[in-house]
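These notes are about the structure you will find just below.
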Amino acid sequence: MANIQDNKAKVIPSSTAASASTTPTDPSVADPLAAVGAGIPPPQPQTNGATSPPIPPLTQRSGVAGTTKRRPPQMGGEKISRNRRLSHDETTASAPRRFLIDVEETMRIVLEQEDTDRNSNAHKTFDIRGTYMLSNLLQELALARDYGRKRIVLDEARLAENPVDRLSRMIKNSFWNALTRRIDAEGLEVACADPKNRSQHTKARIYIPYGEEEIAEHYRQIAREKPNLNLTVEILPQKCDDPAFVKSLNDKPGILALAMDRKVDADGKVKLEALPFIVPGARFNEKYGWDSYLCRSQPPFLTDLALQIYNQLDRSQKEENKSWLKRVIQASIKEYHSYWMSEPSLDPVSGLSRYRPVGLGIPPETEATHFTHILQPYAQKLGISVNEYIEGYNNLTIHEPELDEYFLHDRGVRESGHDTSYRLDKKCADLGTVDLNSLLYKYEFDIASAIEVAFDGELDLEEEFPLSPWPVTPEAFESGAPRETSTSVIQTSKHWFERAAKRKEIMDELCWNDGHGMYFDYDTKAKKQARYESATALWPLWAGCASENQALKLVRYALPKLEVAGGLVSGTEESRGIISLDRPNRQWDYPYAWPPHQIMAWVGLERYGFVDDAARLAYRWIYMMTLSFVDFNGIVPEKFDAVELSHMVDAEYGNQGTDFRYVPREGFGWMNSAYQIGLQCLSTGMRRAVANCVPPWVFFNLPAPDFSSAKKRRAEREAREAEAAASGHGGAPKLEVHHDPPSLEEAVAKLKLELGAGPAAGAGQQ
């Protein structure tokens, strides 16, 4: 208990759309993402005026599965609606007390009373009871110190704030702003900082796309005006995705310049302004297409992003909106033909696309010792050190076909975003994965819908490039076979709907397993299904390429295998296999859970009418996040162990977003999003229950998880790993120190040390 001094004084509703009711916040705070759209600045969204035609994610069409499902009016007997179930019943009518607080003095009082529990001037004080309230108080004081404030006015209600409301508010008002970057004169120093940079000279470097001389000169001027940045400006060649060129950049890491807005000032001069963008957080401080750069692509979500933005633009600016949408759709079509539907990504025999990027040498973005355990045997065979072997292999003086194939698959894993998982280990580049082909089905359907609704069924392409042959046959992709060009063929909605229908047909034949009621990746080399049970089996629900019967079987057979205490695990324990000294845990396998898998499952289940299942899964996830937020001083990490409801992930790189001082200031990008989206899946009763940390098995009357068994397995695994470390054996070494978030006691101890609170201040330090 502590005391503080009392001085009173035709748009399709999207499952991922923001909701002011869900995220109670100050409406005057601007959303940093409001004007961001895949590097292409869209017109500013408005709410007034005439309407542009909305582009539905799914449209009923013969030959193509996937019609937009209407949400049923009942959920577990409770009548629901968006407005009602997102209301705030929890708020009280009585006005909360307010306190004028001296920040430093209050910190001292709190710390002293934590030691002595004395209660001086009791008639002028307000009691702070419970670790959650005390944690909130210290967080508010720490934030005030961040902003250099000597005094703040603090509401009593803020200290006892509903944890769901508190976290949602912090995400909306604080976390997104803290994760926002701009590549301008002020933001370059932050944007260029990269803890992963191991090059000899760690100067700031920015790469400018070919032909963007105006942008290049803009950054040269910044370099002249701010010599302390030590900024190097380099222009990329026209063909910047050549593997040899990309490998030459390994020792010269930098950031890639993004699109800029052109403004004309009062004197008629053109001024370039950097656009805001969000970074993931923690050590991931760059603009990410997941782990892609030049020779690689990334999971293709661009069309879905574009249509969601388009549906929210100012309806009075019809032609401007169409012009923006045309640019994005043209870029998507070019990427589709030039990359995903061309070899080596495309397998012309099956017709499925694969994560199979080109490249030379060892991927440079990993930690320094990431591949040591892989390279050690090859180095020993030649009698040289691992570092010498790396240099020789990268310089092509050492040739090793086995390693060439290993790194082919490794680059594919990183392109997929699922790095790493035994689902993809040593075979990713051969797999027509369910996730990638679901996304490409969505690309095809989105492009068809956009052309049909916004462009009256036909679209001319302005940039010339070779089109991928259609229909897909091995003969059509042989060397010397004729290719049509983009400017010679009018793109029609009919053609793109046909492409979507064909991909669904191929996935039904090669990826769907009716006996198991699940989708599996298809091995194009072995010509059979790879029977790894993964959460990506649910992505066809999100994309809309599953039939009604397939959706029902996925819910009946696949979902129970993947659902655990905290939501959906990445894959089943059975598929992952035994973990041993030489086969350590991978972070995209059981028992770990990630926000993208949760979000896409919720949206997909709702699309097919399984609203109860979506709500239950969302409740599990929101419960796990809220419990960690309450118990661990506000933590919002990168991922979770969903079996044990724990942020303490011991696989590979540990966990991001757990290393902060006193108060979380950023959360973690996709975890922030998952919380806000997940709340929209909950009814009012569910939201009230999860705010009181009612476990999902209690709320839904389900069997309680066997936490003791999971913890026993974890302890046994940790013992084996400790034994392996002591003997110098084991699989891939852990390459990063795992940061546990500071407990309340640790935060108090550190504050005491900072404030010089006496000899006892350091007593709790380890």
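In the structure tokens, chains take the letters A, B, ... in the order shown, each chain's residues start at 1, and ligands count up from 1 in the order shown.
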Problem set entry | Non-local contacts of A:Leu559 (12 Å; only C-alpha atoms; under 5 positions in same chain excluded) as a ChimeraX atom specification | /A:516-519,533-538,541,551-554,564,567-572,598,601-602,605,610,613-614,616-617
Saved selection, atoms kept: N, CA and C atoms, as a PDB file, in the first residue's frame:
```pdb
ATOM      1  N   HIS A 516      -8.380 -36.057 -43.608  1.00  0.00           N
ATOM      2  CA  HIS A 516      -7.898 -35.366 -42.411  1.00  0.00           C
ATOM      3  C   HIS A 516      -8.673 -34.082 -42.137  1.00  0.00           C
ATOM      4  N   GLY A 517      -9.456 -33.628 -43.109  1.00  0.00           N
ATOM      5  CA  GLY A 517     -10.183 -32.380 -42.935  1.00  0.00           C
ATOM      6  C   GLY A 517      -9.262 -31.196 -42.787  1.00  0.00           C
ATOM      7  N   MET A 518      -8.191 -31.161 -43.597  1.00  0.00           N
ATOM      8  CA  MET A 518      -7.162 -30.136 -43.429  1.00  0.00           C
ATOM      9  C   MET A 518      -6.415 -29.922 -44.743  1.00  0.00           C
ATOM     10  N   TYR A 519      -5.908 -28.695 -44.914  1.00  0.00           N
ATOM     11  CA  TYR A 519      -4.996 -28.398 -46.022  1.00  0.00           C
ATOM     12  C   TYR A 519      -3.563 -28.704 -45.583  1.00  0.00           C
ATOM     13  N   GLU A 533       0.889 -30.479 -39.674  1.00  0.00           N
ATOM     14  CA  GLU A 533      -0.357 -29.813 -39.285  1.00  0.00           C
ATOM     15  C   GLU A 533      -0.037 -28.404 -38.781  1.00  0.00           C
ATOM     16  N   SER A 534      -0.412 -27.421 -39.568  1.00  0.00           N
ATOM     17  CA  SER A 534      -0.012 -26.035 -39.303  1.00  0.00           C
ATOM     18  C   SER A 534      -1.227 -25.126 -39.223  1.00  0.00           C
ATOM     19  N   ALA A 535      -1.068 -24.022 -38.476  1.00  0.00           N
ATOM     20  CA  ALA A 535      -2.131 -23.016 -38.401  1.00  0.00           C
ATOM     21  C   ALA A 535      -2.392 -22.381 -39.755  1.00  0.00           C
ATOM     22  N   THR A 536      -1.434 -22.473 -40.674  1.00  0.00           N
ATOM     23  CA  THR A 536      -1.649 -21.921 -42.014  1.00  0.00           C
ATOM     24  C   THR A 536      -2.714 -22.700 -42.780  1.00  0.00           C
ATOM     25  N   ALA A 537      -3.109 -23.883 -42.291  1.00  0.00           N
ATOM     26  CA  ALA A 537      -4.207 -24.626 -42.913  1.00  0.00           C
ATOM     27  C   ALA A 537      -5.517 -23.843 -42.865  1.00  0.00           C
ATOM     28  N   LEU A 538      -5.597 -22.831 -41.974  1.00  0.00           N
ATOM     29  CA  LEU A 538      -6.810 -22.027 -41.853  1.00  0.00           C
ATOM     30  C   LEU A 538      -6.792 -20.790 -42.753  1.00  0.00           C
ATOM     31  N   LEU A 541      -9.571 -19.971 -45.271  1.00  0.00           N
ATOM     32  CA  LEU A 541     -10.779 -19.332 -44.757  1.00  0.00           C
ATOM     33  C   LEU A 541     -10.661 -17.817 -44.898  1.00  0.00           C
ATOM     34  N   ALA A 551     -14.711 -25.699 -45.088  1.00  0.00           N
ATOM     35  CA  ALA A 551     -14.682 -24.849 -43.893  1.00  0.00           C
ATOM     36  C   ALA A 551     -15.222 -25.597 -42.679  1.00  0.00           C
ATOM     37  N   LEU A 552     -16.323 -26.324 -42.866  1.00  0.00           N
ATOM     38  CA  LEU A 552     -16.906 -27.089 -41.770  1.00  0.00           C
ATOM     39  C   LEU A 552     -15.935 -28.148 -41.261  1.00  0.00           C
ATOM     40  N   LYS A 553     -15.253 -28.835 -42.179  1.00  0.00           N
ATOM     41  CA  LYS A 553     -14.292 -29.865 -41.767  1.00  0.00           C
ATOM     42  C   LYS A 553     -13.074 -29.252 -41.083  1.00  0.00           C
ATOM     43  N   LEU A 554     -12.624 -28.088 -41.537  1.00  0.00           N
ATOM     44  CA  LEU A 554     -11.508 -27.417 -40.871  1.00  0.00           C
ATOM     45  C   LEU A 554     -11.856 -27.098 -39.421  1.00  0.00           C
ATOM     46  N   VAL A 564      -5.268 -24.116 -28.152  1.00  0.00           N
ATOM     47  CA  VAL A 564      -4.726 -24.361 -26.813  1.00  0.00           C
ATOM     48  C   VAL A 564      -5.185 -23.234 -25.894  1.00  0.00           C
ATOM     49  N   GLY A 567      -4.939 -19.616 -27.448  1.00  0.00           N
ATOM     50  CA  GLY A 567      -5.306 -19.363 -28.840  1.00  0.00           C
ATOM     51  C   GLY A 567      -4.831 -20.481 -29.748  1.00  0.00           C
ATOM     52  N   LEU A 568      -4.299 -20.098 -30.905  1.00  0.00           N
ATOM     53  CA  LEU A 568      -3.821 -21.071 -31.882  1.00  0.00           C
ATOM     54  C   LEU A 568      -2.312 -21.180 -31.824  1.00  0.00           C
ATOM     55  N   VAL A 569      -1.807 -22.408 -31.683  1.00  0.00           N
ATOM     56  CA  VAL A 569      -0.368 -22.618 -31.801  1.00  0.00           C
ATOM     57  C   VAL A 569      -0.008 -22.691 -33.277  1.00  0.00           C
ATOM     58  N   SER A 570       1.274 -22.471 -33.587  1.00  0.00           N
ATOM     59  CA  SER A 570       1.723 -22.448 -34.984  1.00  0.00           C
ATOM     60  C   SER A 570       1.541 -23.798 -35.660  1.00  0.00           C
ATOM     61  N   GLY A 571       1.700 -24.871 -34.917  1.00  0.00           N
ATOM     62  CA  GLY A 571       1.538 -26.217 -35.442  1.00  0.00           C
ATOM     63  C   GLY A 571       1.353 -27.181 -34.294  1.00  0.00           C
ATOM     64  N   THR A 572       1.036 -28.422 -34.612  1.00  0.00           N
ATOM     65  CA  THR A 572       0.786 -29.391 -33.547  1.00  0.00           C
ATOM     66  C   THR A 572       2.102 -29.941 -33.004  1.00  0.00           C
ATOM     67  N   GLN A 598      -3.481 -15.674 -35.529  1.00  0.00           N
ATOM     68  CA  GLN A 598      -4.727 -15.452 -34.786  1.00  0.00           C
ATOM     69  C   GLN A 598      -5.675 -14.578 -35.610  1.00  0.00           C
ATOM     70  N   ALA A 601      -7.220 -16.232 -38.633  1.00  0.00           N
ATOM     71  CA  ALA A 601      -8.201 -17.245 -38.235  1.00  0.00           C
ATOM     72  C   ALA A 601      -9.507 -16.592 -37.802  1.00  0.00           C
ATOM     73  N   TRP A 602      -9.425 -15.528 -36.987  1.00  0.00           N
ATOM     74  CA  TRP A 602     -10.650 -14.854 -36.551  1.00  0.00           C
ATOM     75  C   TRP A 602     -11.447 -14.353 -37.749  1.00  0.00           C
ATOM     76  N   LEU A 605     -12.840 -17.313 -39.889  1.00  0.00           N
ATOM     77  CA  LEU A 605     -13.969 -17.997 -39.253  1.00  0.00           C
ATOM     78  C   LEU A 605     -15.235 -17.148 -39.318  1.00  0.00           C
ATOM     79  N   PHE A 610     -18.648 -18.837 -38.634  1.00  0.00           N
ATOM     80  CA  PHE A 610     -18.292 -19.494 -37.373  1.00  0.00           C
ATOM     81  C   PHE A 610     -17.904 -18.428 -36.344  1.00  0.00           C
ATOM     82  N   ASP A 613     -16.779 -19.560 -32.736  1.00  0.00           N
ATOM     83  CA  ASP A 613     -15.400 -20.063 -32.695  1.00  0.00           C
ATOM     84  C   ASP A 613     -14.398 -18.916 -32.767  1.00  0.00           C
ATOM     85  N   ALA A 614     -14.694 -17.931 -33.618  1.00  0.00           N
ATOM     86  CA  ALA A 614     -13.816 -16.766 -33.715  1.00  0.00           C
ATOM     87  C   ALA A 614     -13.756 -16.026 -32.388  1.00  0.00           C
ATOM     88  N   ARG A 616     -14.353 -17.216 -29.362  1.00  0.00           N
ATOM     89  CA  ARG A 616     -13.656 -18.027 -28.346  1.00  0.00           C
ATOM     90  C   ARG A 616     -12.135 -17.919 -28.519  1.00  0.00           C
ATOM     91  N   LEU A 617     -11.668 -18.038 -29.759  1.00  0.00           N
ATOM     92  CA  LEU A 617     -10.229 -17.931 -30.012  1.00  0.00           C
ATOM     93  C   LEU A 617      -9.717 -16.538 -29.663  1.00  0.00           C
TER      94      LEU A 617
END
```
Exercise. Quick one: residues within 10 Å of A:Lys525, only C-alpha atoms counted, chain neighbours fewer than 5 positions away excluded, as a ChimeraX atom specification?
Worked result: /A:347,427,429-432
Can you write out the residues you just picked, keeping all heavy atoms, as a compact mmCIF listing (two decimals), in the first residue's frame?
```txt
# COMPACT_ATOMS: atom_id res chain seq x y z
N ASP A 347 6.11 -23.40 -59.90
CA ASP A 347 6.36 -24.76 -60.37
C ASP A 347 5.39 -25.00 -61.54
O ASP A 347 4.20 -25.22 -61.31
CB ASP A 347 6.11 -25.77 -59.26
CG ASP A 347 6.19 -27.20 -59.77
OD1 ASP A 347 7.08 -27.49 -60.59
OD2 ASP A 347 5.34 -28.03 -59.37
N LYS A 427 13.38 -27.80 -46.80
CA LYS A 427 12.50 -28.16 -47.91
C LYS A 427 11.60 -27.03 -48.37
O LYS A 427 10.78 -27.21 -49.27
CB LYS A 427 11.64 -29.37 -47.53
CG LYS A 427 10.82 -29.24 -46.26
CD LYS A 427 10.05 -30.51 -45.98
CE LYS A 427 9.37 -30.49 -44.62
NZ LYS A 427 10.32 -30.61 -43.50
N ALA A 429 11.83 -24.37 -50.24
CA ALA A 429 11.83 -23.95 -51.65
C ALA A 429 11.12 -24.95 -52.56
O ALA A 429 10.80 -24.62 -53.70
CB ALA A 429 13.26 -23.73 -52.13
N ASP A 430 10.88 -26.17 -52.07
CA ASP A 430 10.17 -27.19 -52.86
C ASP A 430 8.67 -27.23 -52.56
O ASP A 430 7.93 -27.96 -53.23
CB ASP A 430 10.76 -28.58 -52.59
CG ASP A 430 12.19 -28.72 -53.08
OD1 ASP A 430 12.53 -28.06 -54.08
OD2 ASP A 430 12.96 -29.48 -52.47
N LEU A 431 8.23 -26.47 -51.57
CA LEU A 431 6.84 -26.58 -51.12
C LEU A 431 5.94 -25.53 -51.76
O LEU A 431 6.23 -24.33 -51.72
CB LEU A 431 6.76 -26.42 -49.60
CG LEU A 431 7.47 -27.47 -48.74
CD1 LEU A 431 7.32 -27.14 -47.26
CD2 LEU A 431 6.94 -28.86 -49.03
N GLY A 432 4.84 -26.01 -52.34
CA GLY A 432 3.74 -25.12 -52.68
C GLY A 432 2.92 -24.97 -51.43
O GLY A 432 2.02 -25.78 -51.17
```
Quick one: contact table of stretch 317-417 of chain A to stretch 451-469 of chain A, 7 Å max, nearest atom pair and distance in Å to one decimal per residue, counting only C-alpha atoms, chain and number order, as a tab-separated table?
```
residue	atom	partner	partner_atom	distance
A:Lys322	CA	A:Ala454	CA	6.9
A:Gln330	CA	A:Leu461	CA	6.5
A:His337	CA	A:Ser468	CA	5.2
A:Met341	CA	A:Ser468	CA	6.0
A:Ser342	CA	A:Ser468	CA	6.3
```
For this session: Find the residues around stretch 219-232 of chain A up to 12 Å (only C-alpha atoms counted), leave out those fewer than 5 positions away in its own chain, and share them as number ranges by chain.
Result: A: 183-193, 201-208, 212-214, 252-258, 260, 272-274
Export of prior selection with N, CA, C and O atoms as a short mmCIF file (atom, residue, chain, number, x, y, z; two decimals), in the first residue's frame:
```cif
data_model
loop_
_atom_site.label_atom_id
_atom_site.label_comp_id
_atom_site.auth_asym_id
_atom_site.auth_seq_id
_atom_site.Cartn_x
_atom_site.Cartn_y
_atom_site.Cartn_z
N ILE A 183 11.66 9.02 -42.58
CA ILE A 183 13.05 9.12 -43.04
C ILE A 183 13.28 10.56 -43.49
O ILE A 183 13.39 10.87 -44.69
N ASP A 184 13.35 11.45 -42.50
CA ASP A 184 13.64 12.85 -42.77
C ASP A 184 14.84 13.27 -41.95
O ASP A 184 15.51 12.44 -41.31
N ALA A 185 15.15 14.57 -41.95
CA ALA A 185 16.35 15.04 -41.26
C ALA A 185 16.32 14.70 -39.78
O ALA A 185 17.34 14.34 -39.18
N GLU A 186 15.12 14.78 -39.18
CA GLU A 186 15.01 14.49 -37.75
C GLU A 186 14.99 12.99 -37.47
O GLU A 186 15.47 12.52 -36.45
N GLY A 187 14.41 12.22 -38.39
CA GLY A 187 14.22 10.80 -38.13
C GLY A 187 15.31 9.89 -38.63
O GLY A 187 15.33 8.70 -38.30
N LEU A 188 16.25 10.42 -39.42
CA LEU A 188 17.27 9.55 -40.02
C LEU A 188 18.15 8.87 -38.98
O LEU A 188 18.49 7.70 -39.11
N GLU A 189 18.51 9.61 -37.94
CA GLU A 189 19.41 9.04 -36.94
C GLU A 189 18.78 7.83 -36.26
O GLU A 189 19.43 6.81 -36.03
N VAL A 190 17.48 7.94 -35.97
CA VAL A 190 16.77 6.82 -35.35
C VAL A 190 16.54 5.71 -36.37
O VAL A 190 16.73 4.53 -36.09
N ALA A 191 16.12 6.11 -37.59
CA ALA A 191 15.77 5.11 -38.60
C ALA A 191 16.97 4.30 -39.06
O ALA A 191 16.85 3.14 -39.44
N CYS A 192 18.15 4.91 -39.06
CA CYS A 192 19.35 4.22 -39.54
C CYS A 192 20.00 3.35 -38.47
O CYS A 192 20.87 2.53 -38.78
N ALA A 193 19.63 3.55 -37.22
CA ALA A 193 20.23 2.75 -36.14
C ALA A 193 19.80 1.30 -36.28
O ALA A 193 18.62 1.00 -36.36
N HIS A 201 32.38 -0.56 -40.78
CA HIS A 201 32.06 0.85 -40.60
C HIS A 201 30.55 0.99 -40.51
O HIS A 201 29.84 0.80 -41.50
N THR A 202 30.07 1.33 -39.32
CA THR A 202 28.63 1.34 -39.09
C THR A 202 28.04 2.73 -39.33
O THR A 202 27.22 3.21 -38.56
N LYS A 203 28.46 3.37 -40.40
CA LYS A 203 27.93 4.69 -40.73
C LYS A 203 26.50 4.56 -41.24
O LYS A 203 26.06 3.51 -41.70
N ALA A 204 25.78 5.68 -41.15
CA ALA A 204 24.42 5.71 -41.68
C ALA A 204 24.47 5.69 -43.20
O ALA A 204 25.25 6.42 -43.82
N ARG A 205 23.63 4.87 -43.80
CA ARG A 205 23.62 4.76 -45.27
C ARG A 205 22.18 4.63 -45.74
O ARG A 205 21.39 3.90 -45.16
N ILE A 206 21.85 5.34 -46.81
CA ILE A 206 20.52 5.24 -47.40
C ILE A 206 20.65 4.96 -48.88
O ILE A 206 21.44 5.59 -49.59
N TYR A 207 19.87 3.98 -49.35
CA TYR A 207 19.88 3.60 -50.76
C TYR A 207 18.66 4.22 -51.45
O TYR A 207 17.54 4.12 -50.95
N ILE A 208 18.91 4.83 -52.63
CA ILE A 208 17.86 5.51 -53.38
C ILE A 208 17.52 4.68 -54.62
O ILE A 208 18.43 4.27 -55.36
N GLU A 212 15.42 8.11 -59.14
CA GLU A 212 14.84 9.06 -58.18
C GLU A 212 15.88 10.10 -57.78
O GLU A 212 16.27 10.23 -56.62
N GLU A 213 16.34 10.88 -58.76
CA GLU A 213 17.40 11.85 -58.51
C GLU A 213 16.95 12.96 -57.56
O GLU A 213 17.74 13.45 -56.74
N GLU A 214 15.69 13.36 -57.65
CA GLU A 214 15.19 14.41 -56.76
C GLU A 214 15.27 13.97 -55.30
O GLU A 214 15.68 14.75 -54.43
N LYS A 252 27.73 -3.44 -46.55
CA LYS A 252 27.29 -2.04 -46.62
C LYS A 252 25.79 -1.94 -46.35
O LYS A 252 25.02 -1.48 -47.18
N PRO A 253 25.36 -2.40 -45.19
CA PRO A 253 23.92 -2.35 -44.90
C PRO A 253 23.42 -0.92 -44.77
O PRO A 253 24.15 -0.02 -44.35
N GLY A 254 22.19 -0.71 -45.15
CA GLY A 254 21.58 0.60 -45.02
C GLY A 254 20.08 0.48 -45.11
O GLY A 254 19.53 -0.62 -45.15
N ILE A 255 19.39 1.62 -45.13
CA ILE A 255 17.95 1.62 -45.27
C ILE A 255 17.59 2.02 -46.69
O ILE A 255 18.36 2.69 -47.38
N LEU A 256 16.41 1.62 -47.12
CA LEU A 256 15.93 1.92 -48.47
C LEU A 256 14.99 3.13 -48.40
O LEU A 256 14.06 3.16 -47.60
N ALA A 257 15.27 4.13 -49.24
CA ALA A 257 14.41 5.31 -49.28
C ALA A 257 13.01 4.92 -49.73
O ALA A 257 12.84 4.08 -50.62
N LEU A 258 12.02 5.55 -49.13
CA LEU A 258 10.63 5.28 -49.47
C LEU A 258 10.04 6.45 -50.26
O LEU A 258 10.66 7.50 -50.41
N MET A 260 8.02 9.71 -51.24
CA MET A 260 7.87 10.96 -50.51
C MET A 260 6.73 11.78 -51.10
O MET A 260 6.37 11.63 -52.27
N LEU A 272 10.01 18.21 -50.54
CA LEU A 272 9.72 16.80 -50.32
C LEU A 272 9.50 16.54 -48.83
O LEU A 272 10.27 17.01 -47.99
N GLU A 273 8.45 15.79 -48.52
CA GLU A 273 8.16 15.44 -47.13
C GLU A 273 8.12 13.93 -46.98
O GLU A 273 7.47 13.23 -47.78
N ALA A 274 8.80 13.44 -45.96
CA ALA A 274 8.83 11.99 -45.70
C ALA A 274 7.48 11.54 -45.17
O ALA A 274 6.83 12.24 -44.40
#
```
Could you give me, as a tab-separated table, every stretch 641-727 of chain A residue with an atom at most 12 Å from stretch 165-169 of chain A, plus its closest atom pair and distance in Å to one decimal, counting only C-alpha atoms, rows ordered by chain then number?
```
residue	atom	partner	partner_atom	distance
A:Val663	CA	A:Leu167	CA	11.8
A:Pro664	CA	A:Leu167	CA	10.2
A:Arg665	CA	A:Leu167	CA	11.2
A:Glu666	CA	A:Leu167	CA	11.2
A:Gly667	CA	A:Leu167	CA	9.5
A:Met671	CA	A:Ser168	CA	11.4
A:Asn672	CA	A:Ser168	CA	8.3
A:Ser673	CA	A:Ser168	CA	9.8
A:Ala674	CA	A:Ser168	CA	10.6
A:Tyr675	CA	A:Ser168	CA	7.4
A:Gln676	CA	A:Ser168	CA	6.5
A:Ile677	CA	A:Ser168	CA	10.3
A:Gly678	CA	A:Ser168	CA	10.8
A:Leu679	CA	A:Ser168	CA	8.9
A:Gln680	CA	A:Ser168	CA	11.5
A:Arg687	CA	A:Asp165	CA	9.7
A:Arg688	CA	A:Asp165	CA	10.2
A:Val690	CA	A:Asp165	CA	10.9
A:Ala691	CA	A:Asp165	CA	8.1
A:Asn692	CA	A:Asp165	CA	11.4
```
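In terms of minimum interatomic distance to A:Ile578, A:Arg713 ranks closest within A:Arg713, A:Val264, A:Gln312, A:Arg283, counting only C-alpha atoms.
When only C-alpha atoms are used to measure the gap to A:Tyr339, the shortest distance among A:Glu391, A:Asp241, A:Glu217, A:Glu484 belongs to A:Asp241.
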Exercise. Among stretch 591-650 of chain A, which ones does DSSP place in alpha helix (DSSP H), written as a VMD selection string?
Worked result: chain A and resid 595 to 607 611 to 631
